[in-house]
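> So I've got this file, entry_2.csv, and it contains CSV, C-alpha atoms:
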```csv
chain,number,residue,atom,x,y,z
A,103,MET,CA,110.8,126.3,91.6
A,104,VAL,CA,107.6,128.1,92.4
A,105,PRO,CA,105.8,128.1,95.8
A,106,LEU,CA,102.0,127.9,95.3
A,107,PRO,CA,100.3,131.2,95.6
A,108,PHE,CA,98.4,130.5,98.8
A,109,ALA,CA,99.2,129.9,102.4
A,110,LEU,CA,97.4,127.6,104.8
A,111,PRO,CA,97.0,128.0,108.5
A,112,LEU,CA,98.4,124.7,109.6
A,113,ALA,CA,100.5,123.5,106.7
A,114,GLU,CA,101.9,125.5,103.9
A,115,LEU,CA,101.9,123.9,100.5
A,116,GLU,CA,105.5,124.3,99.4
A,117,VAL,CA,107.2,122.1,96.8
A,118,GLY,CA,110.8,122.9,96.1
A,119,GLN,CA,111.2,125.3,99.0
A,120,HIS,CA,114.1,124.2,101.2
A,121,LEU,CA,116.0,125.3,104.2
A,122,TYR,CA,119.5,125.2,102.7
A,123,TRP,CA,122.6,124.5,104.7
A,124,GLN,CA,126.0,125.0,103.2
A,125,LEU,CA,128.4,122.2,103.9
A,126,GLY,CA,131.6,122.8,102.0
A,127,ASN,CA,130.6,122.9,98.3
A,128,LEU,CA,127.3,121.1,99.0
A,129,LYS,CA,123.9,122.6,99.5
A,130,ILE,CA,121.9,120.3,101.7
A,131,HIS,CA,118.2,120.3,102.6
A,132,GLY,CA,118.3,121.2,106.3
A,133,GLN,CA,114.6,120.5,107.0
A,134,VAL,CA,115.0,116.9,105.9
A,135,PHE,CA,117.9,116.4,108.2
A,136,ILE,CA,116.0,117.9,111.2
A,137,SER,CA,113.0,115.7,110.7
A,138,SER,CA,115.1,112.6,110.1
A,139,TRP,CA,116.9,113.2,113.3
A,140,ILE,CA,113.6,113.6,115.1
A,141,VAL,CA,112.4,110.3,113.6
A,142,ILE,CA,115.7,108.5,114.4
A,143,GLY,CA,115.6,109.9,118.0
A,144,ALA,CA,112.0,108.8,118.5
A,145,LEU,CA,112.8,105.3,117.3
A,146,LEU,CA,115.9,105.0,119.5
A,147,ALA,CA,114.1,106.3,122.5
A,148,VAL,CA,111.3,103.7,122.1
A,149,VAL,CA,113.7,100.9,121.6
A,150,VAL,CA,115.9,101.9,124.6
A,151,ILE,CA,112.9,102.3,126.8
A,152,GLY,CA,111.4,99.0,125.6
A,153,THR,CA,114.5,96.9,126.2
A,154,ARG,CA,115.8,98.5,129.4
A,155,LYS,CA,114.0,96.1,131.8
A,156,LEU,CA,113.3,92.9,129.9
A,157,GLU,CA,110.7,90.7,131.4
A,158,ARG,CA,109.7,87.2,130.7
A,159,ASP,CA,106.1,88.2,130.4
A,160,PRO,CA,106.2,91.2,128.2
A,161,GLY,CA,103.9,94.2,128.6
A,162,GLY,CA,103.7,97.7,127.3
A,163,VAL,CA,106.5,98.9,125.1
A,164,GLN,CA,108.4,95.6,125.2
A,165,ASN,CA,105.3,93.9,124.0
A,166,LEU,CA,105.0,96.3,121.0
A,167,LEU,CA,108.7,95.8,120.2
A,168,GLU,CA,108.3,92.0,120.2
A,169,PHE,CA,105.3,92.3,118.0
A,170,LEU,CA,107.2,94.4,115.5
A,171,TRP,CA,110.2,92.0,115.7
A,172,ASP,CA,107.9,89.0,114.9
A,173,TYR,CA,106.3,90.9,112.1
A,174,ILE,CA,109.6,91.9,110.4
A,175,ARG,CA,111.0,88.4,111.0
A,176,ASP,CA,108.1,86.8,109.2
A,177,LEU,CA,108.3,89.3,106.4
A,178,SER,CA,112.0,88.7,105.8
A,179,ARG,CA,111.9,85.0,106.3
A,180,GLU,CA,109.2,84.7,103.7
A,181,GLN,CA,111.1,86.7,101.1
A,182,ILE,CA,114.8,85.9,101.8
A,183,GLY,CA,114.4,82.3,102.9
A,184,GLU,CA,115.2,80.3,106.0
A,185,LYS,CA,119.0,80.2,105.4
A,186,ALA,CA,120.0,83.8,105.0
A,187,TYR,CA,117.2,85.9,106.5
A,188,ARG,CA,118.9,86.2,109.9
A,189,ASP,CA,121.8,88.3,108.5
A,190,TRP,CA,119.4,90.7,106.8
A,191,LEU,CA,116.8,91.1,109.5
A,192,PRO,CA,118.3,94.2,111.1
A,193,PHE,CA,118.6,95.9,107.7
A,194,ILE,CA,115.0,95.2,106.6
A,195,GLY,CA,113.7,96.1,110.1
A,196,THR,CA,115.6,99.4,110.0
A,197,LEU,CA,114.2,100.3,106.6
A,198,PHE,CA,110.7,99.4,107.5
A,199,LEU,CA,110.7,101.2,110.8
A,200,PHE,CA,112.4,104.3,109.5
A,201,ILE,CA,110.1,104.7,106.5
A,202,PHE,CA,107.0,103.9,108.6
A,203,VAL,CA,107.7,106.3,111.3
A,204,SER,CA,108.8,109.0,108.8
A,205,ASN,CA,105.6,108.6,106.8
A,206,TRP,CA,103.4,108.7,109.8
A,207,GLY,CA,105.4,111.4,111.6
A,208,GLY,CA,105.1,113.6,108.5
A,209,ALA,CA,101.3,113.3,108.6
A,210,LEU,CA,100.6,113.2,112.4
A,211,ILE,CA,103.1,115.7,114.0
A,212,PRO,CA,102.0,119.3,113.7
A,213,TRP,CA,105.3,120.5,112.2
A,214,LYS,CA,104.1,124.0,111.5
A,215,LEU,CA,104.5,124.8,115.2
A,216,ILE,CA,108.3,124.6,114.7
A,217,HIS,CA,109.2,127.7,112.7
A,218,LEU,CA,111.9,127.5,110.1
A,219,PRO,CA,113.3,130.5,108.2
A,220,SER,CA,112.5,128.9,104.8
A,221,GLY,CA,111.0,125.6,103.8
A,222,GLU,CA,108.9,123.4,106.0
A,223,LEU,CA,109.4,120.4,108.1
A,224,GLY,CA,107.6,117.2,107.0
A,225,ALA,CA,108.1,113.6,106.2
A,226,PRO,CA,111.7,113.0,105.3
A,227,THR,CA,110.5,110.5,102.7
A,228,ALA,CA,108.7,113.3,100.8
A,229,ASP,CA,112.1,114.4,99.7
A,230,ILE,CA,113.5,112.6,96.7
A,231,ASN,CA,117.1,112.6,98.1
A,232,THR,CA,116.1,110.5,101.1
A,233,THR,CA,114.2,107.9,99.1
A,234,ILE,CA,117.0,107.6,96.5
A,235,ALA,CA,119.5,107.2,99.3
A,236,LEU,CA,117.4,104.4,100.8
A,237,ALA,CA,116.9,102.7,97.4
A,238,LEU,CA,120.7,102.8,96.6
A,239,LEU,CA,121.3,101.3,100.0
A,240,VAL,CA,119.0,98.4,99.0
A,241,SER,CA,121.0,98.1,95.7
A,242,LEU,CA,124.3,97.9,97.5
A,243,ALA,CA,122.8,95.5,100.0
A,244,TYR,CA,121.6,93.0,97.4
A,245,PHE,CA,124.9,93.1,95.5
A,246,TYR,CA,126.8,92.5,98.7
A,247,ALA,CA,124.4,89.7,99.7
A,248,GLY,CA,124.8,88.0,96.4
A,249,LEU,CA,128.6,88.4,96.1
A,250,SER,CA,129.3,87.5,99.7
A,251,ARG,CA,127.2,84.3,99.6
A,252,LYS,CA,128.0,83.1,96.1
A,253,GLY,CA,131.2,84.9,95.1
A,254,PHE,CA,131.5,85.4,91.4
A,255,ARG,CA,129.0,82.7,90.8
A,256,TYR,CA,126.5,85.5,91.6
A,257,PHE,CA,126.9,86.7,88.0
A,258,GLU,CA,125.5,83.4,86.7
A,259,TYR,CA,122.2,84.9,87.7
A,260,TYR,CA,122.5,87.3,84.8
A,261,VAL,CA,122.7,84.6,82.2
A,262,GLU,CA,120.1,82.3,83.6
A,263,PRO,CA,118.0,80.8,82.1
A,264,THR,CA,119.5,82.0,78.8
A,265,PRO,CA,122.2,84.6,78.0
A,266,ILE,CA,119.5,86.5,75.9
A,267,MET,CA,118.3,87.8,79.3
A,268,LEU,CA,121.6,89.6,80.0
A,269,PRO,CA,120.7,93.1,78.8
A,270,PHE,CA,117.4,92.9,80.6
A,271,LYS,CA,119.0,91.8,83.9
A,272,ILE,CA,121.5,94.7,83.6
A,273,VAL,CA,118.8,97.2,82.9
A,274,GLU,CA,116.9,95.8,85.9
A,275,ASP,CA,119.7,96.7,88.2
A,276,PHE,CA,119.1,100.3,87.3
A,277,THR,CA,115.3,100.3,87.2
A,278,LYS,CA,115.1,98.6,90.7
A,279,PRO,CA,116.4,101.6,92.7
A,280,LEU,CA,114.6,104.0,90.3
A,281,SER,CA,111.2,102.5,90.8
A,282,LEU,CA,111.8,101.9,94.6
A,283,SER,CA,112.7,105.6,95.2
A,284,PHE,CA,110.0,107.1,92.9
A,285,ARG,CA,107.3,104.9,94.3
A,286,LEU,CA,107.9,106.0,97.9
A,287,PHE,CA,108.6,109.6,97.1
A,288,GLY,CA,105.6,110.0,94.8
A,289,ASN,CA,103.2,108.3,97.2
A,290,ILE,CA,104.2,110.3,100.2
A,291,LEU,CA,104.3,113.6,98.3
A,292,ALA,CA,101.0,112.9,96.6
A,293,ASP,CA,99.4,112.2,100.0
A,294,GLU,CA,100.7,115.5,101.4
A,295,LEU,CA,99.6,117.4,98.3
A,296,VAL,CA,96.1,115.9,98.2
A,297,VAL,CA,95.5,116.7,101.9
A,298,ALA,CA,96.9,120.3,101.4
A,299,VAL,CA,94.8,120.9,98.3
A,300,LEU,CA,91.6,119.6,100.0
A,301,ALA,CA,92.4,121.7,103.1
A,302,PHE,CA,92.8,124.7,100.9
A,303,LEU,CA,89.4,124.2,99.3
A,304,VAL,CA,87.5,123.1,102.4
A,305,PRO,CA,89.4,123.7,105.7
A,306,LEU,CA,87.2,121.6,107.9
A,307,VAL,CA,86.2,117.9,108.1
A,308,VAL,CA,86.4,117.2,104.3
A,309,PRO,CA,90.2,116.5,104.3
A,310,LEU,CA,89.8,113.9,107.1
A,311,PRO,CA,89.0,110.9,104.9
A,312,ALA,CA,92.0,111.8,102.6
A,313,MET,CA,94.2,112.0,105.7
A,314,PHE,CA,93.1,108.5,106.8
A,315,LEU,CA,93.7,107.2,103.3
A,316,GLY,CA,97.1,108.9,103.4
A,317,LEU,CA,98.0,107.2,106.7
A,318,PHE,CA,96.9,103.9,105.2
A,319,THR,CA,98.9,104.2,102.0
A,320,SER,CA,102.0,105.4,103.9
A,321,ALA,CA,101.9,102.3,106.1
A,322,ILE,CA,101.5,100.2,103.0
A,323,GLN,CA,104.3,101.9,101.2
A,324,ALA,CA,106.7,101.2,104.2
A,325,LEU,CA,105.6,97.6,104.0
A,326,ILE,CA,106.1,97.5,100.2
A,327,PHE,CA,109.6,99.1,100.4
A,328,ALA,CA,110.7,96.6,103.1
A,329,THR,CA,109.1,93.6,101.2
A,330,LEU,CA,110.8,94.6,97.9
A,331,ALA,CA,114.1,95.1,99.6
A,332,ALA,CA,113.9,91.7,101.2
A,333,TYR,CA,112.7,90.2,97.9
A,334,TYR,CA,115.7,91.6,96.0
A,335,ILE,CA,118.1,90.4,98.6
A,336,GLY,CA,116.4,87.0,98.5
A,337,GLU,CA,116.7,86.9,94.8
A,338,ALA,CA,120.4,87.6,95.1
A,339,VAL,CA,121.1,84.9,97.7
A,340,HIS,CA,118.8,82.3,96.2
A,341,GLU,CA,120.5,79.0,95.1
A,342,GLU,CA,119.1,77.7,91.8
A,343,HIS,CA,120.3,74.0,91.8
A,344,HIS,CA,120.6,71.8,94.8
Q,158,MET,CA,109.7,130.6,82.2
Q,159,ASP,CA,108.1,132.0,79.0
Q,160,SER,CA,104.4,131.5,78.5
Q,161,LEU,CA,104.6,128.9,75.8
Q,162,THR,CA,106.8,126.6,78.0
Q,163,SER,CA,104.6,127.0,81.0
Q,164,ALA,CA,101.4,126.4,79.0
Q,165,ALA,CA,102.9,123.3,77.4
Q,166,SER,CA,104.2,122.1,80.8
Q,167,VAL,CA,100.7,122.4,82.4
Q,168,VAL,CA,99.1,120.5,79.6
Q,169,ALA,CA,101.8,117.9,79.7
Q,170,ALA,CA,101.4,117.5,83.5
Q,171,GLY,CA,97.7,117.0,83.1
Q,172,LEU,CA,98.2,114.4,80.3
Q,173,ALA,CA,100.9,112.6,82.3
Q,174,VAL,CA,98.6,112.0,85.3
Q,175,GLY,CA,95.4,111.5,83.2
Q,176,LEU,CA,96.8,109.0,80.7
Q,177,GLY,CA,98.9,107.3,83.4
Q,178,ALA,CA,95.7,106.7,85.4
Q,179,ILE,CA,94.0,104.7,82.7
Q,180,GLY,CA,96.1,101.5,82.7
Q,181,PRO,CA,96.4,101.1,86.4
Q,182,GLY,CA,92.7,101.8,86.8
Q,183,ILE,CA,91.8,98.9,84.5
Q,184,GLY,CA,94.4,96.7,86.2
Q,185,GLN,CA,93.1,97.5,89.7
Q,186,GLY,CA,89.5,96.8,88.7
Q,187,THR,CA,90.5,93.4,87.3
Q,188,ALA,CA,92.5,92.6,90.4
Q,189,ALA,CA,89.7,93.7,92.8
Q,190,GLY,CA,87.2,91.7,90.8
Q,191,GLY,CA,89.3,88.6,90.9
Q,192,ALA,CA,89.8,89.1,94.7
Q,193,VAL,CA,86.0,89.4,95.2
Q,194,GLU,CA,85.5,86.3,93.2
Q,195,GLY,CA,88.0,84.5,95.2
Q,196,ILE,CA,86.5,85.5,98.5
Q,197,ALA,CA,83.0,84.5,97.3
Q,198,ARG,CA,84.3,81.1,96.4
Q,199,GLN,CA,86.4,80.6,99.5
Q,200,PRO,CA,85.3,83.0,102.3
Q,201,GLU,CA,87.8,81.5,104.8
Q,202,ALA,CA,90.7,82.7,102.7
Q,203,GLU,CA,89.6,86.3,103.0
Q,204,GLY,CA,92.5,87.5,105.1
Q,205,LYS,CA,95.2,86.2,102.8
Q,206,ILE,CA,93.4,87.4,99.7
Q,207,ARG,CA,93.0,90.9,101.2
Q,208,GLY,CA,96.7,91.2,102.1
Q,209,THR,CA,97.8,90.1,98.6
Q,210,LEU,CA,95.3,92.4,96.9
Q,211,LEU,CA,96.4,95.4,98.9
Q,212,LEU,CA,100.0,94.8,98.0
Q,213,SER,CA,99.3,94.3,94.3
Q,214,LEU,CA,97.0,97.4,94.3
Q,215,ALA,CA,99.9,99.4,95.7
Q,216,PHE,CA,102.2,98.1,92.9
Q,217,MET,CA,99.7,99.2,90.2
Q,218,GLU,CA,99.2,102.5,91.9
Q,219,ALA,CA,102.9,103.1,91.7
Q,220,LEU,CA,102.5,103.4,87.9
Q,221,THR,CA,100.2,106.3,88.2
Q,222,ILE,CA,102.5,107.8,90.8
Q,223,TYR,CA,105.3,107.8,88.2
Q,224,GLY,CA,103.1,109.9,86.0
Q,225,LEU,CA,102.5,112.2,89.0
Q,226,VAL,CA,106.2,112.5,89.6
Q,227,VAL,CA,106.7,113.5,86.0
Q,228,ALA,CA,103.8,116.1,86.4
Q,229,LEU,CA,105.3,117.5,89.6
Q,230,VAL,CA,108.7,117.8,87.9
Q,231,LEU,CA,107.1,119.7,85.1
Q,232,LEU,CA,105.2,122.0,87.4
Q,233,PHE,CA,107.7,122.7,90.2
Q,234,ALA,CA,111.2,121.8,88.9
Q,235,ASN,CA,110.9,122.3,85.2
Q,236,PRO,CA,114.2,121.6,83.5
Q,237,PHE,CA,113.3,123.7,80.4
Q,238,ALA,CA,112.3,126.8,82.3
```
How would this structure read if it were set down as structure tokens?


Amino acid sequence: MVPLPFALPLAELEVGQHLYWQLGNLKIHGQVFISSWIVIGALLAVVVIGTRKLERDPGGVQNLLEFLWDYIRDLSREQIGEKAYRDWLPFIGTLFLFIFVSNWGGALIPWKLIHLPSGELGAPTADINTTIALALLVSLAYFYAGLSRKGFRYFEYYVEPTPIMLPFKIVEDFTKPLSLSFRLFGNILADELVVAVLAFLVPLVVPLPAMFLGLFTSAIQALIFATLAAYYIGEAVHEEHH
Amino acid sequence: MDSLTSAASVVAAGLAVGLGAIGPGIGQGTAAGGAVEGIARQPEAEGKIRGTLLLSLAFMEALTIYGLVVALVLLFANPFA
């Protein structure tokens, strides 16, 4: 684990530098927890403020929340289907909002102003542990969705249309969380690295387009994660013959 | 890390990203070309085509990103160092 041999005024380029907290036998990455708590706090604050005085004719924060709700509902209804989407709406919505706010928070909040003894605050999703946790949650969710809706008939999915597919379907259960987590982690870290390297070469103006591209791809990555999670759940609850 | 391992890691990191960019590059070009054709034929479907295109481009980009993750592991968290 080597820090790069240069420092930047607003953001240091550090990969593999962490603020370690000791919890029993575990070493945990403190900076990821701090920034996740900030993200969770911000989301909770917005939701509480937006739903405190509900009005029939929404405006301001309530309007924003209703727009988000509509958006996430359409997304999950399209992927999961009319029958089961209502159960999974909160899960998909939480994933989408947490990842979206993490990605944008990591890019937009000047974290350098908060000084840590080691490591640096940033997007929680730029740490592989966060994304693997999210991806494993999705795995558990689709197994639970399939088993609770269909019982052991869920495993028929593994031998449909032919039993030859069985090994591929089993491998798929492992590659799904792997690709979900790597995609999100790689994209977010790559954005941060590109911006940091450009800012190191030319500190002014030039990194701006890369930053906008970064904001755009982080929003798309949040959408993709939520869409894929919904798609996997939809695949698990889907009834073949009716 | 001895110098042979670090040299090999740096070369391998470059190859991982460089080779990994070829396939998705071709794929993204094909997809974007198809989308432009679709919009030219049916301009009123532009919004829907754009949404689908962006989503599929991001999927293709993920393949390069896997190469990038391998490169980052080699550079910053090398298991052989």

> Could you please select, counting only C-alpha atoms, the residues of chain Q within 7 Å of chain A and state them as a PDB file with C-alpha atoms, in the frame of the given file?


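File iface17.pdb, as written:
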```pdb
ATOM      1  CA  ALA Q 219     102.900 103.100  91.700  1.00  0.00           C
ATOM      2  CA  ILE Q 222     102.500 107.800  90.800  1.00  0.00           C
ATOM      3  CA  TYR Q 223     105.300 107.800  88.200  1.00  0.00           C
ATOM      4  CA  LEU Q 225     102.500 112.200  89.000  1.00  0.00           C
ATOM      5  CA  VAL Q 226     106.200 112.500  89.600  1.00  0.00           C
ATOM      6  CA  PHE Q 233     107.700 122.700  90.200  1.00  0.00           C
ATOM      7  CA  ALA Q 234     111.200 121.800  88.900  1.00  0.00           C
TER       8      ALA Q 234
END
```

> My list of candidates is A:Pro309, A:Pro226, A:Gly195, A:Pro212. Which is closest to Ala328 of chain A when distances are computed with only C-alpha atoms?

A:Gly195

> Taking (113.7, 81.7, 101.6) in the file's own coordinates, collect the residues within 12 Å, counting only C-alpha atoms, and hand them back as a list of chain:residue names.

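Residues with an atom close enough to that point: A:Arg175, A:Asp176, A:Leu177, A:Ser178, A:Arg179, A:Glu180, A:Gln181, A:Ile182, A:Gly183, A:Glu184, A:Lys185, A:Ala186, A:Tyr187, A:Arg188, A:Trp190, A:Ala332, A:Tyr333, A:Tyr334, A:Ile335, A:Gly336, A:Glu337, A:Ala338, A:Val339, A:His340, A:Glu341, A:Glu342.
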
> Taking all atoms listed in the file into account, which of A:Pro311, A:Pro265, A:Pro279, A:Gly224 comes nearest Glu294 of chain A?

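The closest residue to Glu294 of chain A is A:Gly224.
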
> Could you tell me how far atom CA of Ile140 of chain A lies from atom CA of Gly207 of chain A, in Å and to one decimal?

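Distance between the two atoms: 9.2 Å.
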
> Given the point (112.5, 117.3, 106.0) in the file's coordinates, find the residues that have an atom at most 8 Å from it, counting all atoms listed in the file, and give them as a VMD selection string.

chain A and resid 131 to 138 222 to 229

> Would you list the contacts of Val227 of chain Q as a tab-separated table (two decimals) with C-alpha atoms, keeping the file's coordinate frame, taking every protein, DNA or RNA residue within 9 Å and counting only C-alpha atoms, but skipping same-chain residues closer than 5 positions in sequence?


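Writing done, so here's selection.tsv:
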```
chain	number	residue	atom	x	y	z
Q	170	ALA	CA	101.40	117.50	83.50
Q	173	ALA	CA	100.90	112.60	82.30
Q	174	VAL	CA	98.60	112.00	85.30
Q	222	ILE	CA	102.50	107.80	90.80
Q	232	LEU	CA	105.20	122.00	87.40
```

> If I take atom CA of Ala188 of chain Q and atom CA of Ala209 of chain A, how far is one from the other in Å, to one decimal?

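These two atoms are separated by 28.9 Å.
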
> When you count all atoms listed in the file, which of these residues is closest to Tyr244 of chain A: A:Lys278, A:Asn165, A:Leu199, A:Leu310?

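Under the stated criterion, the closest residue is A:Lys278.
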
> Please measure the separation of atom CA of Thr209 of chain Q and atom CA of Lys271 of chain A, giving the value in Å to one decimal.

25.9 Å

> I'd like the neighbourhood of Ala169 of chain Q as a list in words, where a residue qualifies if any of its atoms comes within 8 Å (using all atoms listed in the file), though same-chain residues fewer than 3 positions away should be ignored.

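The filter keeps Ala165, Ser166, Leu172, Ala173, Ala228 and Leu231 of chain Q.
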
> Which centre and edge lengths in Å to one decimal define the box along x, y and z that fits every listed atom of segment 226-245 of chain A plus 5 Å per side, as lines of an AutoDock Vina configuration file?


```
center_x = 116.8
center_y = 103.7
center_z = 100.4
size_x = 26.2
size_y = 31.4
size_z = 19.8
```

> Supply segment 214-229 of chain Q as a PDB file, in the frame of the given file, with N, CA, C and O atoms built in where the input has gaps.


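Written out: selection_12.pdb:
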```pdb
ATOM      1  N   LEU Q 214      97.636  96.055  94.602  1.00  0.00           N
ATOM      2  CA  LEU Q 214      97.000  97.400  94.300  1.00  0.00           C
ATOM      3  C   LEU Q 214      98.067  98.465  94.394  1.00  0.00           C
ATOM      4  O   LEU Q 214      98.149  99.359  93.557  1.00  0.00           O
ATOM      5  N   ALA Q 215      98.879  98.379  95.454  1.00  0.00           N
ATOM      6  CA  ALA Q 215      99.900  99.400  95.700  1.00  0.00           C
ATOM      7  C   ALA Q 215     100.901  99.415  94.538  1.00  0.00           C
ATOM      8  O   ALA Q 215     101.372 100.468  94.106  1.00  0.00           O
ATOM      9  N   PHE Q 216     101.241  98.209  94.041  1.00  0.00           N
ATOM     10  CA  PHE Q 216     102.200  98.100  92.900  1.00  0.00           C
ATOM     11  C   PHE Q 216     101.589  98.824  91.683  1.00  0.00           C
ATOM     12  O   PHE Q 216     102.278  99.539  90.967  1.00  0.00           O
ATOM     13  N   MET Q 217     100.301  98.573  91.428  1.00  0.00           N
ATOM     14  CA  MET Q 217      99.700  99.200  90.200  1.00  0.00           C
ATOM     15  C   MET Q 217      99.596 100.683  90.416  1.00  0.00           C
ATOM     16  O   MET Q 217      99.813 101.446  89.477  1.00  0.00           O
ATOM     17  N   GLU Q 218      99.289 101.097  91.655  1.00  0.00           N
ATOM     18  CA  GLU Q 218      99.200 102.500  91.900  1.00  0.00           C
ATOM     19  C   GLU Q 218     100.500 103.227  91.642  1.00  0.00           C
ATOM     20  O   GLU Q 218     100.528 104.381  91.220  1.00  0.00           O
ATOM     21  N   ALA Q 219     101.600 102.503  91.876  1.00  0.00           N
ATOM     22  CA  ALA Q 219     102.900 103.100  91.700  1.00  0.00           C
ATOM     23  C   ALA Q 219     103.059 103.620  90.238  1.00  0.00           C
ATOM     24  O   ALA Q 219     103.710 104.629  90.001  1.00  0.00           O
ATOM     25  N   LEU Q 220     102.412 102.955  89.270  1.00  0.00           N
ATOM     26  CA  LEU Q 220     102.500 103.400  87.900  1.00  0.00           C
ATOM     27  C   LEU Q 220     101.926 104.762  87.677  1.00  0.00           C
ATOM     28  O   LEU Q 220     102.497 105.612  86.998  1.00  0.00           O
ATOM     29  N   THR Q 221     100.764 104.990  88.286  1.00  0.00           N
ATOM     30  CA  THR Q 221     100.200 106.300  88.200  1.00  0.00           C
ATOM     31  C   THR Q 221     101.083 107.333  88.899  1.00  0.00           C
ATOM     32  O   THR Q 221     101.232 108.471  88.453  1.00  0.00           O
ATOM     33  N   ILE Q 222     101.677 106.880  90.013  1.00  0.00           N
ATOM     34  CA  ILE Q 222     102.500 107.800  90.800  1.00  0.00           C
ATOM     35  C   ILE Q 222     103.730 108.214  89.941  1.00  0.00           C
ATOM     36  O   ILE Q 222     104.187 109.355  90.051  1.00  0.00           O
ATOM     37  N   TYR Q 223     104.231 107.328  89.065  1.00  0.00           N
ATOM     38  CA  TYR Q 223     105.300 107.800  88.200  1.00  0.00           C
ATOM     39  C   TYR Q 223     104.857 108.915  87.314  1.00  0.00           C
ATOM     40  O   TYR Q 223     105.595 109.888  87.126  1.00  0.00           O
ATOM     41  N   GLY Q 224     103.651 108.801  86.786  1.00  0.00           N
ATOM     42  CA  GLY Q 224     103.100 109.900  86.000  1.00  0.00           C
ATOM     43  C   GLY Q 224     103.009 111.173  86.840  1.00  0.00           C
ATOM     44  O   GLY Q 224     103.323 112.275  86.375  1.00  0.00           O
ATOM     45  N   LEU Q 225     102.591 110.998  88.106  1.00  0.00           N
ATOM     46  CA  LEU Q 225     102.500 112.200  89.000  1.00  0.00           C
ATOM     47  C   LEU Q 225     103.825 112.787  89.248  1.00  0.00           C
ATOM     48  O   LEU Q 225     103.950 114.014  89.284  1.00  0.00           O
ATOM     49  N   VAL Q 226     104.864 111.947  89.406  1.00  0.00           N
ATOM     50  CA  VAL Q 226     106.200 112.500  89.600  1.00  0.00           C
ATOM     51  C   VAL Q 226     106.636 113.323  88.419  1.00  0.00           C
ATOM     52  O   VAL Q 226     107.168 114.430  88.565  1.00  0.00           O
ATOM     53  N   VAL Q 227     106.345 112.790  87.200  1.00  0.00           N
ATOM     54  CA  VAL Q 227     106.700 113.500  86.000  1.00  0.00           C
ATOM     55  C   VAL Q 227     105.923 114.878  85.994  1.00  0.00           C
ATOM     56  O   VAL Q 227     106.490 115.941  85.713  1.00  0.00           O
ATOM     57  N   ALA Q 228     104.631 114.830  86.363  1.00  0.00           N
ATOM     58  CA  ALA Q 228     103.800 116.100  86.400  1.00  0.00           C
ATOM     59  C   ALA Q 228     104.406 117.048  87.395  1.00  0.00           C
ATOM     60  O   ALA Q 228     104.515 118.248  87.111  1.00  0.00           O
ATOM     61  N   LEU Q 229     104.805 116.554  88.576  1.00  0.00           N
ATOM     62  CA  LEU Q 229     105.300 117.500  89.600  1.00  0.00           C
ATOM     63  C   LEU Q 229     106.657 118.070  89.134  1.00  0.00           C
ATOM     64  O   LEU Q 229     106.912 119.256  89.370  1.00  0.00           O
TER      65      LEU Q 229
END
```
